[in-house]
Amino acid sequence: MRYGLYPYPGFPKYLEIEHIEAHPTSRGEVAERLIEPIGKWLIWYAIKVGLKSCQTEPDDPLVILSAVDEAVAYYRYKIEMEYVGVAPSAPGEDLYGFRFSRQKAAVFCQRQEGECGVPKPSD
């Protein structure tokens, strides 16, 4: 996963998930693995960074991301992010924008932790 805190320099207002990959196609193999629960934990981690690092009002966007067509249902129905429409992208590529307000991001984290527990920090 790759993410960025914006605006930079200055105190961050939001976190953008720039790249999330649960299938290691970059290694030359296409693995038949379910994105669950890896995708939820990666998003949970990014949200935790955003909640700690960014100052926003409860209803302001805290986390944003752009998704390819195949991932729209995942972000909309599994992650339950707010769909905001077509996102700016390179010519010939359709991307779709999603976001979490600070309040809804915190609810996502609470739901994930309630269903799966809280990861223990590594020593």
# chains A, B, ... in the order shown; residues from 1 in each chain; ligands from 1
>>> select_by_dssp(residues="chain A", states="helix (DSSP H, G or I)", output="VMD selection string")
chain A and resid 25 to 27 38 to 53 69 to 78 102 to 116
>>> write_last_selection(atoms="C-alpha atoms", output="PDB file, in the first residue's frame")
ATOM      1  CA  THR A  25       0.838  -9.502  -9.787  1.00  0.00           C
ATOM      2  CA  SER A  26       4.010  -7.414  -9.672  1.00  0.00           C
ATOM      3  CA  ARG A  27       5.932 -10.604  -8.835  1.00  0.00           C
ATOM      4  CA  ILE A  38      -6.102  -8.118   3.679  1.00  0.00           C
ATOM      5  CA  GLY A  39      -7.856  -5.183   2.003  1.00  0.00           C
ATOM      6  CA  LYS A  40      -9.805  -4.251   5.119  1.00  0.00           C
ATOM      7  CA  TRP A  41      -6.693  -4.352   7.289  1.00  0.00           C
ATOM      8  CA  LEU A  42      -4.706  -2.203   4.853  1.00  0.00           C
ATOM      9  CA  ILE A  43      -7.503   0.370   4.818  1.00  0.00           C
ATOM     10  CA  TRP A  44      -7.806   0.129   8.620  1.00  0.00           C
ATOM     11  CA  TYR A  45      -4.086   0.877   8.920  1.00  0.00           C
ATOM     12  CA  ALA A  46      -4.284   3.862   6.542  1.00  0.00           C
ATOM     13  CA  ILE A  47      -7.282   5.245   8.434  1.00  0.00           C
ATOM     14  CA  LYS A  48      -5.413   4.932  11.748  1.00  0.00           C
ATOM     15  CA  VAL A  49      -2.559   6.983  10.246  1.00  0.00           C
ATOM     16  CA  GLY A  50      -5.067   9.562   8.982  1.00  0.00           C
ATOM     17  CA  LEU A  51      -6.901   9.788  12.311  1.00  0.00           C
ATOM     18  CA  LYS A  52      -3.592  10.332  14.110  1.00  0.00           C
ATOM     19  CA  SER A  53      -1.965  12.678  11.594  1.00  0.00           C
ATOM     20  CA  ASP A  69     -14.087  -0.410 -12.214  1.00  0.00           C
ATOM     21  CA  GLU A  70     -13.491  -3.933 -10.850  1.00  0.00           C
ATOM     22  CA  ALA A  71     -13.015  -2.600  -7.298  1.00  0.00           C
ATOM     23  CA  VAL A  72     -16.002  -0.236  -7.131  1.00  0.00           C
ATOM     24  CA  ALA A  73     -18.332  -2.789  -5.519  1.00  0.00           C
ATOM     25  CA  TYR A  74     -15.663  -3.697  -2.947  1.00  0.00           C
ATOM     26  CA  TYR A  75     -15.184  -0.125  -1.728  1.00  0.00           C
ATOM     27  CA  ARG A  76     -18.864   0.712  -1.924  1.00  0.00           C
ATOM     28  CA  TYR A  77     -20.367  -2.391  -0.291  1.00  0.00           C
ATOM     29  CA  LYS A  78     -17.625  -4.162   1.687  1.00  0.00           C
ATOM     30  CA  ARG A 102     -13.417  11.408   9.870  1.00  0.00           C
ATOM     31  CA  GLN A 103     -16.524  10.136  11.667  1.00  0.00           C
ATOM     32  CA  LYS A 104     -17.252   7.335   9.183  1.00  0.00           C
ATOM     33  CA  ALA A 105     -13.584   6.340   9.092  1.00  0.00           C
ATOM     34  CA  ALA A 106     -13.635   5.918  12.872  1.00  0.00           C
ATOM     35  CA  VAL A 107     -16.823   3.826  12.601  1.00  0.00           C
ATOM     36  CA  PHE A 108     -15.125   1.585  10.000  1.00  0.00           C
ATOM     37  CA  CYS A 109     -12.172   1.025  12.360  1.00  0.00           C
ATOM     38  CA  GLN A 110     -14.467   0.247  15.295  1.00  0.00           C
ATOM     39  CA  ARG A 111     -16.441  -2.238  13.167  1.00  0.00           C
ATOM     40  CA  GLN A 112     -13.247  -3.923  11.894  1.00  0.00           C
ATOM     41  CA  GLU A 113     -11.826  -4.188  15.406  1.00  0.00           C
ATOM     42  CA  GLY A 114     -15.156  -5.459  16.771  1.00  0.00           C
ATOM     43  CA  GLU A 115     -15.359  -8.194  14.134  1.00  0.00           C
ATOM     44  CA  CYS A 116     -11.682  -9.201  14.032  1.00  0.00           C
TER      45      CYS A 116
END
>>> select_by_dssp(residues="chain A", states="strand (DSSP E or B)", output="PDB file with N, CA and C atoms, in the first residue's frame")
ATOM      1  N   ARG A   2       0.461   2.227  -0.747  1.00  0.00           N
ATOM      2  CA  ARG A   2       1.144   3.523  -0.748  1.00  0.00           C
ATOM      3  C   ARG A   2       0.075   4.579  -0.472  1.00  0.00           C
ATOM      4  N   TYR A   3       0.392   5.514   0.405  1.00  0.00           N
ATOM      5  CA  TYR A   3      -0.537   6.595   0.717  1.00  0.00           C
ATOM      6  C   TYR A   3       0.227   7.892   0.866  1.00  0.00           C
ATOM      7  N   GLY A   4      -0.499   9.000   0.794  1.00  0.00           N
ATOM      8  CA  GLY A   4       0.109  10.307   0.968  1.00  0.00           C
ATOM      9  C   GLY A   4      -0.754  11.167   1.869  1.00  0.00           C
ATOM     10  N   LEU A   5      -0.108  12.036   2.626  1.00  0.00           N
ATOM     11  CA  LEU A   5      -0.803  12.989   3.487  1.00  0.00           C
ATOM     12  C   LEU A   5      -0.745  14.354   2.814  1.00  0.00           C
ATOM     13  N   TYR A   6      -1.878  15.017   2.669  1.00  0.00           N
ATOM     14  CA  TYR A   6      -1.956  16.282   1.934  1.00  0.00           C
ATOM     15  C   TYR A   6      -2.691  17.335   2.746  1.00  0.00           C
ATOM     16  N   TYR A  14      -5.913  15.596   4.908  1.00  0.00           N
ATOM     17  CA  TYR A  14      -6.498  14.316   4.529  1.00  0.00           C
ATOM     18  C   TYR A  14      -5.422  13.351   4.064  1.00  0.00           C
ATOM     19  N   LEU A  15      -5.786  12.085   4.006  1.00  0.00           N
ATOM     20  CA  LEU A  15      -4.902  11.024   3.549  1.00  0.00           C
ATOM     21  C   LEU A  15      -5.477  10.457   2.258  1.00  0.00           C
ATOM     22  N   GLU A  16      -4.632  10.303   1.246  1.00  0.00           N
ATOM     23  CA  GLU A  16      -5.058   9.674  -0.003  1.00  0.00           C
ATOM     24  C   GLU A  16      -4.389   8.315  -0.123  1.00  0.00           C
ATOM     25  N   ILE A  17      -5.206   7.271  -0.274  1.00  0.00           N
ATOM     26  CA  ILE A  17      -4.665   5.949  -0.560  1.00  0.00           C
ATOM     27  C   ILE A  17      -4.357   5.948  -2.045  1.00  0.00           C
ATOM     28  N   GLU A  18      -3.077   5.928  -2.365  1.00  0.00           N
ATOM     29  CA  GLU A  18      -2.641   6.064  -3.750  1.00  0.00           C
ATOM     30  C   GLU A  18      -2.537   4.722  -4.463  1.00  0.00           C
ATOM     31  N   HIS A  19      -2.246   3.676  -3.720  1.00  0.00           N
ATOM     32  CA  HIS A  19      -2.113   2.350  -4.326  1.00  0.00           C
ATOM     33  C   HIS A  19      -2.342   1.300  -3.251  1.00  0.00           C
ATOM     34  N   PRO A  61     -13.898  15.252   4.673  1.00  0.00           N
ATOM     35  CA  PRO A  61     -13.180  14.081   4.165  1.00  0.00           C
ATOM     36  C   PRO A  61     -11.853  13.883   4.897  1.00  0.00           C
ATOM     37  N   LEU A  62     -11.611  12.651   5.314  1.00  0.00           N
ATOM     38  CA  LEU A  62     -10.348  12.291   5.958  1.00  0.00           C
ATOM     39  C   LEU A  62      -9.530  11.383   5.048  1.00  0.00           C
ATOM     40  N   VAL A  63     -10.186  10.416   4.405  1.00  0.00           N
ATOM     41  CA  VAL A  63      -9.519   9.447   3.539  1.00  0.00           C
ATOM     42  C   VAL A  63     -10.189   9.476   2.177  1.00  0.00           C
ATOM     43  N   ILE A  64      -9.379   9.554   1.125  1.00  0.00           N
ATOM     44  CA  ILE A  64      -9.911   9.475  -0.234  1.00  0.00           C
ATOM     45  C   ILE A  64      -9.111   8.429  -1.013  1.00  0.00           C
ATOM     46  N   LEU A  65      -9.754   7.873  -2.042  1.00  0.00           N
ATOM     47  CA  LEU A  65      -9.053   6.960  -2.937  1.00  0.00           C
ATOM     48  C   LEU A  65      -9.777   6.909  -4.269  1.00  0.00           C
ATOM     49  N   SER A  66      -9.061   6.489  -5.293  1.00  0.00           N
ATOM     50  CA  SER A  66      -9.622   6.275  -6.619  1.00  0.00           C
ATOM     51  C   SER A  66      -9.512   4.796  -6.922  1.00  0.00           C
ATOM     52  N   ALA A  67     -10.594   4.226  -7.478  1.00  0.00           N
ATOM     53  CA  ALA A  67     -10.638   2.788  -7.730  1.00  0.00           C
ATOM     54  C   ALA A  67     -10.920   2.499  -9.192  1.00  0.00           C
ATOM     55  N   GLU A  82     -18.020   6.219   0.884  1.00  0.00           N
ATOM     56  CA  GLU A  82     -18.943   7.052   0.115  1.00  0.00           C
ATOM     57  C   GLU A  82     -18.414   7.211  -1.305  1.00  0.00           C
ATOM     58  N   TYR A  83     -19.236   6.860  -2.278  1.00  0.00           N
ATOM     59  CA  TYR A  83     -18.882   7.032  -3.687  1.00  0.00           C
ATOM     60  C   TYR A  83     -19.100   8.490  -4.048  1.00  0.00           C
ATOM     61  N   VAL A  84     -18.101   9.117  -4.682  1.00  0.00           N
ATOM     62  CA  VAL A  84     -18.218  10.542  -5.017  1.00  0.00           C
ATOM     63  C   VAL A  84     -18.192  10.824  -6.513  1.00  0.00           C
ATOM     64  N   GLY A  85     -18.069   9.794  -7.351  1.00  0.00           N
ATOM     65  CA  GLY A  85     -18.117   9.998  -8.790  1.00  0.00           C
ATOM     66  C   GLY A  85     -16.811   9.667  -9.481  1.00  0.00           C
ATOM     67  N   VAL A  86     -16.744  10.024 -10.755  1.00  0.00           N
ATOM     68  CA  VAL A  86     -15.563   9.759 -11.569  1.00  0.00           C
ATOM     69  C   VAL A  86     -14.404  10.608 -11.057  1.00  0.00           C
ATOM     70  N   ALA A  87     -13.232   9.986 -10.961  1.00  0.00           N
ATOM     71  CA  ALA A  87     -12.044  10.661 -10.438  1.00  0.00           C
ATOM     72  C   ALA A  87     -11.111  11.026 -11.583  1.00  0.00           C
ATOM     73  N   LEU A  95     -11.410   5.908 -13.511  1.00  0.00           N
ATOM     74  CA  LEU A  95     -11.272   5.722 -12.074  1.00  0.00           C
ATOM     75  C   LEU A  95     -12.489   6.324 -11.390  1.00  0.00           C
ATOM     76  N   TYR A  96     -12.805   5.774 -10.225  1.00  0.00           N
ATOM     77  CA  TYR A  96     -13.993   6.189  -9.490  1.00  0.00           C
ATOM     78  C   TYR A  96     -13.576   6.586  -8.078  1.00  0.00           C
ATOM     79  N   GLY A  97     -14.038   7.760  -7.628  1.00  0.00           N
ATOM     80  CA  GLY A  97     -13.610   8.310  -6.357  1.00  0.00           C
ATOM     81  C   GLY A  97     -14.461   7.858  -5.187  1.00  0.00           C
ATOM     82  N   PHE A  98     -13.796   7.635  -4.065  1.00  0.00           N
ATOM     83  CA  PHE A  98     -14.447   7.265  -2.804  1.00  0.00           C
ATOM     84  C   PHE A  98     -13.822   8.081  -1.683  1.00  0.00           C
ATOM     85  N   ARG A  99     -14.569   8.225  -0.599  1.00  0.00           N
ATOM     86  CA  ARG A  99     -14.023   8.922   0.559  1.00  0.00           C
ATOM     87  C   ARG A  99     -14.699   8.437   1.837  1.00  0.00           C
ATOM     88  N   PHE A 100     -14.004   8.711   2.931  1.00  0.00           N
ATOM     89  CA  PHE A 100     -14.511   8.515   4.284  1.00  0.00           C
ATOM     90  C   PHE A 100     -14.391   9.850   4.998  1.00  0.00           C
ATOM     91  N   SER A 101     -15.449  10.289   5.664  1.00  0.00           N
ATOM     92  CA  SER A 101     -15.323  11.408   6.586  1.00  0.00           C
ATOM     93  C   SER A 101     -14.579  10.899   7.818  1.00  0.00           C
TER      94      SER A 101
END
>>> atom_distance(atom1="CA of Glu57 (chain A)", atom2="CA of Met81 (chain A)")
17.3 Å
>>> atom_distance(atom1="CA of Pro7 (chain A)", atom2="CA of Gln55 (chain A)")
11.4 Å
>>> atom_distance(atom1="CA of Gly10 (chain A)", atom2="CA of Pro58 (chain A)")
20.1 Å
